[in-house]
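**Student:** Handing over coords-v2.cif, mmCIF, N, CA and C atoms and all ligand atoms.
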```cif
data_structure
loop_
_atom_site.label_atom_id
_atom_site.label_comp_id
_atom_site.auth_asym_id
_atom_site.auth_seq_id
_atom_site.Cartn_x
_atom_site.Cartn_y
_atom_site.Cartn_z
N MET A 1024 -47.55 -84.55 185.63
CA MET A 1024 -46.26 -84.83 186.22
C MET A 1024 -46.44 -85.22 187.67
N ALA A 1025 -45.90 -86.34 188.03
CA ALA A 1025 -46.03 -86.81 189.41
C ALA A 1025 -44.70 -86.70 190.13
N LEU A 1026 -44.70 -85.94 191.16
CA LEU A 1026 -43.50 -85.84 191.98
C LEU A 1026 -43.38 -87.09 192.84
N GLU A 1027 -42.16 -87.58 192.89
CA GLU A 1027 -41.92 -88.67 193.82
C GLU A 1027 -41.87 -88.09 195.23
N MET A 1028 -42.69 -88.58 196.08
CA MET A 1028 -42.74 -88.05 197.44
C MET A 1028 -41.80 -88.85 198.34
N ARG A 1029 -40.62 -88.34 198.49
CA ARG A 1029 -39.68 -89.01 199.39
C ARG A 1029 -40.05 -88.66 200.83
N ASP A 1030 -39.82 -89.61 201.68
CA ASP A 1030 -40.32 -89.42 203.04
C ASP A 1030 -39.21 -89.21 204.06
N ARG A 1031 -37.99 -89.00 203.55
CA ARG A 1031 -36.90 -88.71 204.49
C ARG A 1031 -36.01 -87.61 203.95
N CYS A 1032 -35.50 -86.82 204.88
CA CYS A 1032 -34.53 -85.80 204.51
C CYS A 1032 -33.23 -86.47 204.06
N GLU A 1033 -32.68 -86.02 202.93
CA GLU A 1033 -31.46 -86.63 202.42
C GLU A 1033 -30.22 -86.19 203.19
N ARG A 1034 -30.36 -85.18 203.99
CA ARG A 1034 -29.18 -84.67 204.71
C ARG A 1034 -29.06 -85.31 206.08
N CYS A 1035 -30.11 -85.22 206.86
CA CYS A 1035 -30.01 -85.76 208.21
C CYS A 1035 -30.57 -87.18 208.29
N THR A 1036 -31.35 -87.59 207.30
CA THR A 1036 -31.89 -88.94 207.13
C THR A 1036 -32.73 -89.43 208.31
N THR A 1037 -32.86 -88.62 209.31
CA THR A 1037 -33.65 -89.07 210.45
C THR A 1037 -35.01 -88.39 210.51
N ALA A 1038 -35.13 -87.26 209.86
CA ALA A 1038 -36.39 -86.55 209.92
C ALA A 1038 -37.39 -87.18 208.96
N ALA A 1039 -38.49 -87.62 209.50
CA ALA A 1039 -39.54 -88.18 208.66
C ALA A 1039 -40.30 -87.03 208.01
N LEU A 1040 -40.51 -87.17 206.70
CA LEU A 1040 -41.19 -86.11 205.96
C LEU A 1040 -42.41 -86.69 205.24
N PRO A 1041 -43.48 -86.92 205.95
CA PRO A 1041 -44.69 -87.41 205.30
C PRO A 1041 -45.20 -86.41 204.29
N ALA A 1042 -46.03 -86.85 203.39
CA ALA A 1042 -46.45 -86.04 202.25
C ALA A 1042 -47.10 -84.73 202.66
N ASP A 1043 -47.67 -84.69 203.84
CA ASP A 1043 -48.36 -83.47 204.25
C ASP A 1043 -47.52 -82.63 205.20
N ALA A 1044 -46.23 -82.98 205.35
CA ALA A 1044 -45.36 -82.22 206.24
C ALA A 1044 -44.58 -81.18 205.44
N PRO A 1045 -44.20 -80.09 206.07
CA PRO A 1045 -43.38 -79.10 205.38
C PRO A 1045 -42.04 -79.72 204.98
N ALA A 1046 -41.59 -79.45 203.77
CA ALA A 1046 -40.31 -79.95 203.30
C ALA A 1046 -39.84 -79.06 202.16
N ARG A 1047 -38.57 -79.23 201.79
CA ARG A 1047 -38.04 -78.47 200.65
C ARG A 1047 -37.51 -79.45 199.62
N ILE A 1048 -37.71 -79.13 198.36
CA ILE A 1048 -37.19 -79.97 197.29
C ILE A 1048 -36.47 -79.10 196.28
N CYS A 1049 -35.54 -79.72 195.53
CA CYS A 1049 -34.94 -79.02 194.41
C CYS A 1049 -35.58 -79.54 193.14
N SER A 1050 -35.12 -79.02 191.99
CA SER A 1050 -35.77 -79.39 190.73
C SER A 1050 -35.51 -80.84 190.37
N TYR A 1051 -34.53 -81.47 190.98
CA TYR A 1051 -34.28 -82.89 190.76
C TYR A 1051 -34.91 -83.74 191.85
N GLU A 1052 -35.73 -83.11 192.65
CA GLU A 1052 -36.50 -83.80 193.69
C GLU A 1052 -35.64 -84.34 194.82
N CYS A 1053 -34.47 -83.76 195.01
CA CYS A 1053 -33.76 -84.02 196.25
C CYS A 1053 -34.63 -83.42 197.34
N THR A 1054 -34.79 -84.13 198.43
CA THR A 1054 -35.74 -83.74 199.45
C THR A 1054 -35.05 -83.52 200.79
N PHE A 1055 -35.38 -82.41 201.42
CA PHE A 1055 -34.76 -82.08 202.70
C PHE A 1055 -35.80 -81.53 203.66
N CYS A 1056 -35.51 -81.68 204.95
CA CYS A 1056 -36.39 -81.06 205.93
C CYS A 1056 -36.10 -79.56 205.95
N VAL A 1057 -37.03 -78.81 206.52
CA VAL A 1057 -36.91 -77.36 206.51
C VAL A 1057 -35.66 -76.87 207.26
N PRO A 1058 -35.37 -77.38 208.45
CA PRO A 1058 -34.15 -76.90 209.14
C PRO A 1058 -32.87 -77.15 208.35
N CYS A 1059 -32.78 -78.29 207.67
CA CYS A 1059 -31.59 -78.55 206.85
C CYS A 1059 -31.54 -77.59 205.67
N ALA A 1060 -32.67 -77.37 205.02
CA ALA A 1060 -32.70 -76.47 203.87
C ALA A 1060 -32.25 -75.07 204.29
N GLU A 1061 -32.71 -74.65 205.46
CA GLU A 1061 -32.34 -73.31 205.93
C GLU A 1061 -30.85 -73.27 206.27
N ALA A 1062 -30.35 -74.38 206.84
CA ALA A 1062 -28.93 -74.43 207.19
C ALA A 1062 -28.06 -74.39 205.94
N MET A 1063 -28.60 -74.89 204.82
CA MET A 1063 -27.85 -74.89 203.56
C MET A 1063 -28.19 -73.69 202.69
N HIS A 1064 -28.91 -72.72 203.28
CA HIS A 1064 -29.31 -71.50 202.58
C HIS A 1064 -30.12 -71.81 201.33
N ASP A 1065 -30.97 -72.85 201.43
CA ASP A 1065 -31.86 -73.23 200.33
C ASP A 1065 -31.11 -73.56 199.04
N VAL A 1066 -29.91 -74.11 199.18
CA VAL A 1066 -29.17 -74.59 198.01
C VAL A 1066 -28.96 -76.08 198.15
N CYS A 1067 -29.36 -76.83 197.12
CA CYS A 1067 -29.21 -78.28 197.17
C CYS A 1067 -27.74 -78.66 197.11
N PRO A 1068 -27.26 -79.48 198.06
CA PRO A 1068 -25.85 -79.89 198.06
C PRO A 1068 -25.55 -80.93 196.99
N ASN A 1069 -26.58 -81.57 196.46
CA ASN A 1069 -26.37 -82.61 195.44
C ASN A 1069 -26.18 -82.03 194.06
N CYS A 1070 -27.02 -81.08 193.70
CA CYS A 1070 -27.01 -80.58 192.32
C CYS A 1070 -26.87 -79.06 192.25
N GLY A 1071 -26.82 -78.39 193.39
CA GLY A 1071 -26.65 -76.95 193.37
C GLY A 1071 -27.91 -76.17 193.06
N GLY A 1072 -29.02 -76.88 192.95
CA GLY A 1072 -30.28 -76.23 192.62
C GLY A 1072 -30.89 -75.53 193.82
N GLU A 1073 -31.85 -74.70 193.51
CA GLU A 1073 -32.54 -73.98 194.57
C GLU A 1073 -33.58 -74.89 195.23
N LEU A 1074 -33.60 -74.86 196.54
CA LEU A 1074 -34.61 -75.61 197.28
C LEU A 1074 -35.85 -74.75 197.47
N VAL A 1075 -36.98 -75.32 197.14
CA VAL A 1075 -38.24 -74.59 197.25
C VAL A 1075 -39.20 -75.42 198.09
N PRO A 1076 -40.21 -74.76 198.66
CA PRO A 1076 -41.18 -75.51 199.47
C PRO A 1076 -41.86 -76.60 198.63
N ARG A 1077 -41.94 -77.76 199.18
CA ARG A 1077 -42.58 -78.88 198.48
C ARG A 1077 -44.09 -78.70 198.49
N PRO A 1078 -44.72 -78.87 197.34
CA PRO A 1078 -46.18 -78.80 197.33
C PRO A 1078 -46.75 -79.95 198.14
N ARG A 1079 -47.78 -79.64 198.87
CA ARG A 1079 -48.37 -80.68 199.70
C ARG A 1079 -49.36 -81.49 198.89
N ARG A 1080 -49.36 -82.77 199.17
CA ARG A 1080 -50.32 -83.63 198.51
C ARG A 1080 -51.68 -83.44 199.16
N THR A 1081 -52.63 -83.12 198.33
CA THR A 1081 -53.97 -82.87 198.88
C THR A 1081 -54.98 -83.83 198.25
N GLY A 1082 -56.01 -84.07 198.95
CA GLY A 1082 -57.08 -84.89 198.45
C GLY A 1082 -56.71 -86.36 198.40
ZN ZN B 1 -32.86 -82.76 207.52
ZN ZN B 2 -30.81 -81.51 194.14
#
```
Re-express the file's structure as structure tokens.

**Tutor:**
Amino acid sequence: MALEMRDRCERCTTAALPADAPARICSYECTFCVPCAEAMHDVCPNCGGELVPRPRRTG
């Protein structure tokens, strides 16, 4: 399974989120920066899913 690595926060749209940067995603791969995720109490505003730390791309 390959996660699509989105490179921008969907909420503030200004924070660049490169693959090796900390970010939060929901199960539908909505992607947010950490400050936005915390501001939303780790709940995705799009689908209501839980936001979890995005796995970092390694290698
Ligand atoms: Zn953000
Ligand atoms: Zn979502």

**Student:** Could you produce a table of the residues of chain A lying within 7 Å of ligand ZN 1 (chain B), with the nearest pair of atoms per residue and their separation in Å rounded to one decimal, using only N, CA and C atoms and all ligand atoms, ordered by chain and increasing residue number, as JSON lines?

**Tutor:**
```
{"residue": "A:Arg1031", "atom": "C", "partner": "B:ZN1", "partner_atom": "ZN", "distance": 6.8}
{"residue": "A:Cys1032", "atom": "CA", "partner": "B:ZN1", "partner_atom": "ZN", "distance": 4.6}
{"residue": "A:Glu1033", "atom": "N", "partner": "B:ZN1", "partner_atom": "ZN", "distance": 5.6}
{"residue": "A:Arg1034", "atom": "C", "partner": "B:ZN1", "partner_atom": "ZN", "distance": 4.8}
{"residue": "A:Cys1035", "atom": "N", "partner": "B:ZN1", "partner_atom": "ZN", "distance": 3.7}
{"residue": "A:Thr1036", "atom": "N", "partner": "B:ZN1", "partner_atom": "ZN", "distance": 5.1}
{"residue": "A:Thr1037", "atom": "N", "partner": "B:ZN1", "partner_atom": "ZN", "distance": 6.1}
{"residue": "A:Ala1038", "atom": "N", "partner": "B:ZN1", "partner_atom": "ZN", "distance": 5.6}
{"residue": "A:Phe1055", "atom": "C", "partner": "B:ZN1", "partner_atom": "ZN", "distance": 5.0}
{"residue": "A:Cys1056", "atom": "N", "partner": "B:ZN1", "partner_atom": "ZN", "distance": 3.8}
{"residue": "A:Val1057", "atom": "N", "partner": "B:ZN1", "partner_atom": "ZN", "distance": 5.8}
{"residue": "A:Pro1058", "atom": "C", "partner": "B:ZN1", "partner_atom": "ZN", "distance": 5.7}
{"residue": "A:Cys1059", "atom": "CA", "partner": "B:ZN1", "partner_atom": "ZN", "distance": 4.4}
{"residue": "A:Ala1060", "atom": "N", "partner": "B:ZN1", "partner_atom": "ZN", "distance": 5.9}
```

**Student:** Could you list, as a PDB file with N, CA and C atoms, in the frame of the given file, all residues that come within 6 Å of ligand ZN 2 (chain B)? Count all atoms listed in the file.

**Tutor:**
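Now in pocket01.pdb:
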```pdb
ATOM      1  N   CYS A1049     -35.540 -79.720 195.530  1.00  0.00           N
ATOM      2  CA  CYS A1049     -34.940 -79.020 194.410  1.00  0.00           C
ATOM      3  C   CYS A1049     -35.580 -79.540 193.140  1.00  0.00           C
ATOM      4  N   SER A1050     -35.120 -79.020 191.990  1.00  0.00           N
ATOM      5  CA  SER A1050     -35.770 -79.390 190.730  1.00  0.00           C
ATOM      6  C   SER A1050     -35.510 -80.840 190.370  1.00  0.00           C
ATOM      7  N   TYR A1051     -34.530 -81.470 190.980  1.00  0.00           N
ATOM      8  CA  TYR A1051     -34.280 -82.890 190.760  1.00  0.00           C
ATOM      9  C   TYR A1051     -34.910 -83.740 191.850  1.00  0.00           C
ATOM     10  N   GLU A1052     -35.730 -83.110 192.650  1.00  0.00           N
ATOM     11  CA  GLU A1052     -36.500 -83.800 193.690  1.00  0.00           C
ATOM     12  C   GLU A1052     -35.640 -84.340 194.820  1.00  0.00           C
ATOM     13  N   CYS A1053     -34.470 -83.760 195.010  1.00  0.00           N
ATOM     14  CA  CYS A1053     -33.760 -84.020 196.250  1.00  0.00           C
ATOM     15  C   CYS A1053     -34.630 -83.420 197.340  1.00  0.00           C
ATOM     16  N   CYS A1067     -29.360 -76.830 197.120  1.00  0.00           N
ATOM     17  CA  CYS A1067     -29.210 -78.280 197.170  1.00  0.00           C
ATOM     18  C   CYS A1067     -27.740 -78.660 197.110  1.00  0.00           C
ATOM     19  N   PRO A1068     -27.260 -79.480 198.060  1.00  0.00           N
ATOM     20  CA  PRO A1068     -25.850 -79.890 198.060  1.00  0.00           C
ATOM     21  C   PRO A1068     -25.550 -80.930 196.990  1.00  0.00           C
ATOM     22  N   ASN A1069     -26.580 -81.570 196.460  1.00  0.00           N
ATOM     23  CA  ASN A1069     -26.370 -82.610 195.440  1.00  0.00           C
ATOM     24  C   ASN A1069     -26.180 -82.030 194.060  1.00  0.00           C
ATOM     25  N   CYS A1070     -27.020 -81.080 193.700  1.00  0.00           N
ATOM     26  CA  CYS A1070     -27.010 -80.580 192.320  1.00  0.00           C
ATOM     27  C   CYS A1070     -26.870 -79.060 192.250  1.00  0.00           C
ATOM     28  N   GLY A1071     -26.820 -78.390 193.390  1.00  0.00           N
ATOM     29  CA  GLY A1071     -26.650 -76.950 193.370  1.00  0.00           C
ATOM     30  C   GLY A1071     -27.910 -76.170 193.060  1.00  0.00           C
ATOM     31  N   GLY A1072     -29.020 -76.880 192.950  1.00  0.00           N
ATOM     32  CA  GLY A1072     -30.280 -76.230 192.620  1.00  0.00           C
ATOM     33  C   GLY A1072     -30.890 -75.530 193.820  1.00  0.00           C
TER      34      GLY A1072
END
```

**Student:** I need the helix (DSSP H, G or I) residues of chain A per DSSP on the backbone, written as a PyMOL selection string.

**Tutor:** chain A and resi 1057-1062

**Student:** Could you pull out the strand (DSSP E or B) residues of chain A, going by DSSP on the backbone, and write them as a list of chain:residue names?

**Tutor:**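 Of chain A, only A:Arg1031, A:Ala1039, A:Arg1047, A:Ile1048, A:Thr1054, A:Phe1055, A:Val1066, A:Glu1073, A:Val1075, A:Pro1076 fall in strand (DSSP E or B).
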
**Student:** Would you work out the distance separating CA of Glu1061 in chain A from CA of Ala1039 in chain A, expressed in Å to one decimal?

**Tutor:**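 Between these atoms lies a distance of 16.7 Å.
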
**Student:** Quick check, in Å to one decimal: how far apart do CA of Leu1040 in chain A and atom C of Thr1054 in chain A lie?

**Tutor:**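 Value for the CA of Leu1040 in chain A-atom C of Thr1054 in chain A distance: 8.4 Å.
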
**Student:** Mind pulling up the distance from atom C of Val1075 in chain A to CA of Pro1045 in chain A?

**Tutor:**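 A separation of 9.2 Å between them.
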
**Student:** Render chain A from the structure in the preceding block as a file of C-alpha atoms, as a PDB file, in the first residue's frame.

**Tutor:**
```pdb
ATOM      1  CA  MET A1024       0.000   0.000   0.000  1.00  0.00           C
ATOM      2  CA  ALA A1025       1.433   3.321  -1.022  1.00  0.00           C
ATOM      3  CA  LEU A1026       0.371   6.404   0.814  1.00  0.00           C
ATOM      4  CA  GLU A1027       0.023   9.470  -1.270  1.00  0.00           C
ATOM      5  CA  MET A1028       2.421  11.944   0.236  1.00  0.00           C
ATOM      6  CA  ARG A1029       0.715  15.286   0.093  1.00  0.00           C
ATOM      7  CA  ASP A1030       3.030  18.154   0.632  1.00  0.00           C
ATOM      8  CA  ARG A1031       0.675  20.787   1.981  1.00  0.00           C
ATOM      9  CA  CYS A1032      -1.577  21.112   4.965  1.00  0.00           C
ATOM     10  CA  GLU A1033      -5.217  21.036   3.847  1.00  0.00           C
ATOM     11  CA  ARG A1034      -6.249  23.487   6.530  1.00  0.00           C
ATOM     12  CA  CYS A1035      -3.795  26.335   6.371  1.00  0.00           C
ATOM     13  CA  THR A1036      -2.466  25.423   2.882  1.00  0.00           C
ATOM     14  CA  THR A1037       0.664  27.410   3.517  1.00  0.00           C
ATOM     15  CA  ALA A1038       2.666  24.971   5.568  1.00  0.00           C
ATOM     16  CA  ALA A1039       4.940  22.882   3.413  1.00  0.00           C
ATOM     17  CA  LEU A1040       4.982  19.280   4.527  1.00  0.00           C
ATOM     18  CA  PRO A1041       7.822  17.436   2.820  1.00  0.00           C
ATOM     19  CA  ALA A1042       7.834  13.668   3.168  1.00  0.00           C
ATOM     20  CA  ASP A1043      10.309  13.734   6.021  1.00  0.00           C
ATOM     21  CA  ALA A1044       8.541  16.465   8.004  1.00  0.00           C
ATOM     22  CA  PRO A1045       6.204  15.820  10.919  1.00  0.00           C
ATOM     23  CA  ALA A1046       2.569  15.760   9.790  1.00  0.00           C
ATOM     24  CA  ARG A1047      -0.766  14.202  10.677  1.00  0.00           C
ATOM     25  CA  ILE A1048      -3.014  12.200   8.389  1.00  0.00           C
ATOM     26  CA  CYS A1049      -6.413  10.590   8.697  1.00  0.00           C
ATOM     27  CA  SER A1050      -7.407   7.216   7.287  1.00  0.00           C
ATOM     28  CA  TYR A1051      -8.485   8.903   4.055  1.00  0.00           C
ATOM     29  CA  GLU A1052      -5.099  10.566   3.792  1.00  0.00           C
ATOM     30  CA  CYS A1053      -6.280  14.060   4.499  1.00  0.00           C
ATOM     31  CA  THR A1054      -3.031  15.733   5.477  1.00  0.00           C
ATOM     32  CA  PHE A1055      -2.458  18.457   8.031  1.00  0.00           C
ATOM     33  CA  CYS A1056       0.442  20.118   9.747  1.00  0.00           C
ATOM     34  CA  VAL A1057       0.952  19.332  13.416  1.00  0.00           C
ATOM     35  CA  PRO A1058      -0.251  22.713  14.788  1.00  0.00           C
ATOM     36  CA  CYS A1059      -3.487  22.458  12.793  1.00  0.00           C
ATOM     37  CA  ALA A1060      -4.051  18.862  13.894  1.00  0.00           C
ATOM     38  CA  GLU A1061      -3.588  19.883  17.504  1.00  0.00           C
ATOM     39  CA  ALA A1062      -5.914  22.852  17.046  1.00  0.00           C
ATOM     40  CA  MET A1063      -8.553  20.445  15.705  1.00  0.00           C
ATOM     41  CA  HIS A1064      -7.942  18.011  18.579  1.00  0.00           C
ATOM     42  CA  ASP A1065      -6.666  15.400  16.103  1.00  0.00           C
ATOM     43  CA  VAL A1066     -10.046  15.092  14.392  1.00  0.00           C
ATOM     44  CA  CYS A1067     -10.184  15.387  10.621  1.00  0.00           C
ATOM     45  CA  PRO A1068     -12.612  18.160   9.588  1.00  0.00           C
ATOM     46  CA  ASN A1069     -13.235  16.481   6.224  1.00  0.00           C
ATOM     47  CA  CYS A1070     -14.274  13.004   7.275  1.00  0.00           C
ATOM     48  CA  GLY A1071     -14.315  13.048  11.066  1.00  0.00           C
ATOM     49  CA  GLY A1072     -11.530  10.509  11.262  1.00  0.00           C
ATOM     50  CA  GLU A1073      -8.747  10.458  13.772  1.00  0.00           C
ATOM     51  CA  LEU A1074      -5.545  12.201  12.773  1.00  0.00           C
ATOM     52  CA  VAL A1075      -2.434  10.189  13.453  1.00  0.00           C
ATOM     53  CA  PRO A1076       1.255  10.909  12.939  1.00  0.00           C
ATOM     54  CA  ARG A1077       2.217  10.356   9.327  1.00  0.00           C
ATOM     55  CA  PRO A1078       4.837   7.676   8.800  1.00  0.00           C
ATOM     56  CA  ARG A1079       7.993   9.146   7.469  1.00  0.00           C
ATOM     57  CA  ARG A1080       9.321   8.045   4.160  1.00  0.00           C
ATOM     58  CA  THR A1081      12.653   6.429   4.690  1.00  0.00           C
ATOM     59  CA  GLY A1082      15.303   5.159   2.390  1.00  0.00           C
TER      60      GLY A1082
END
```
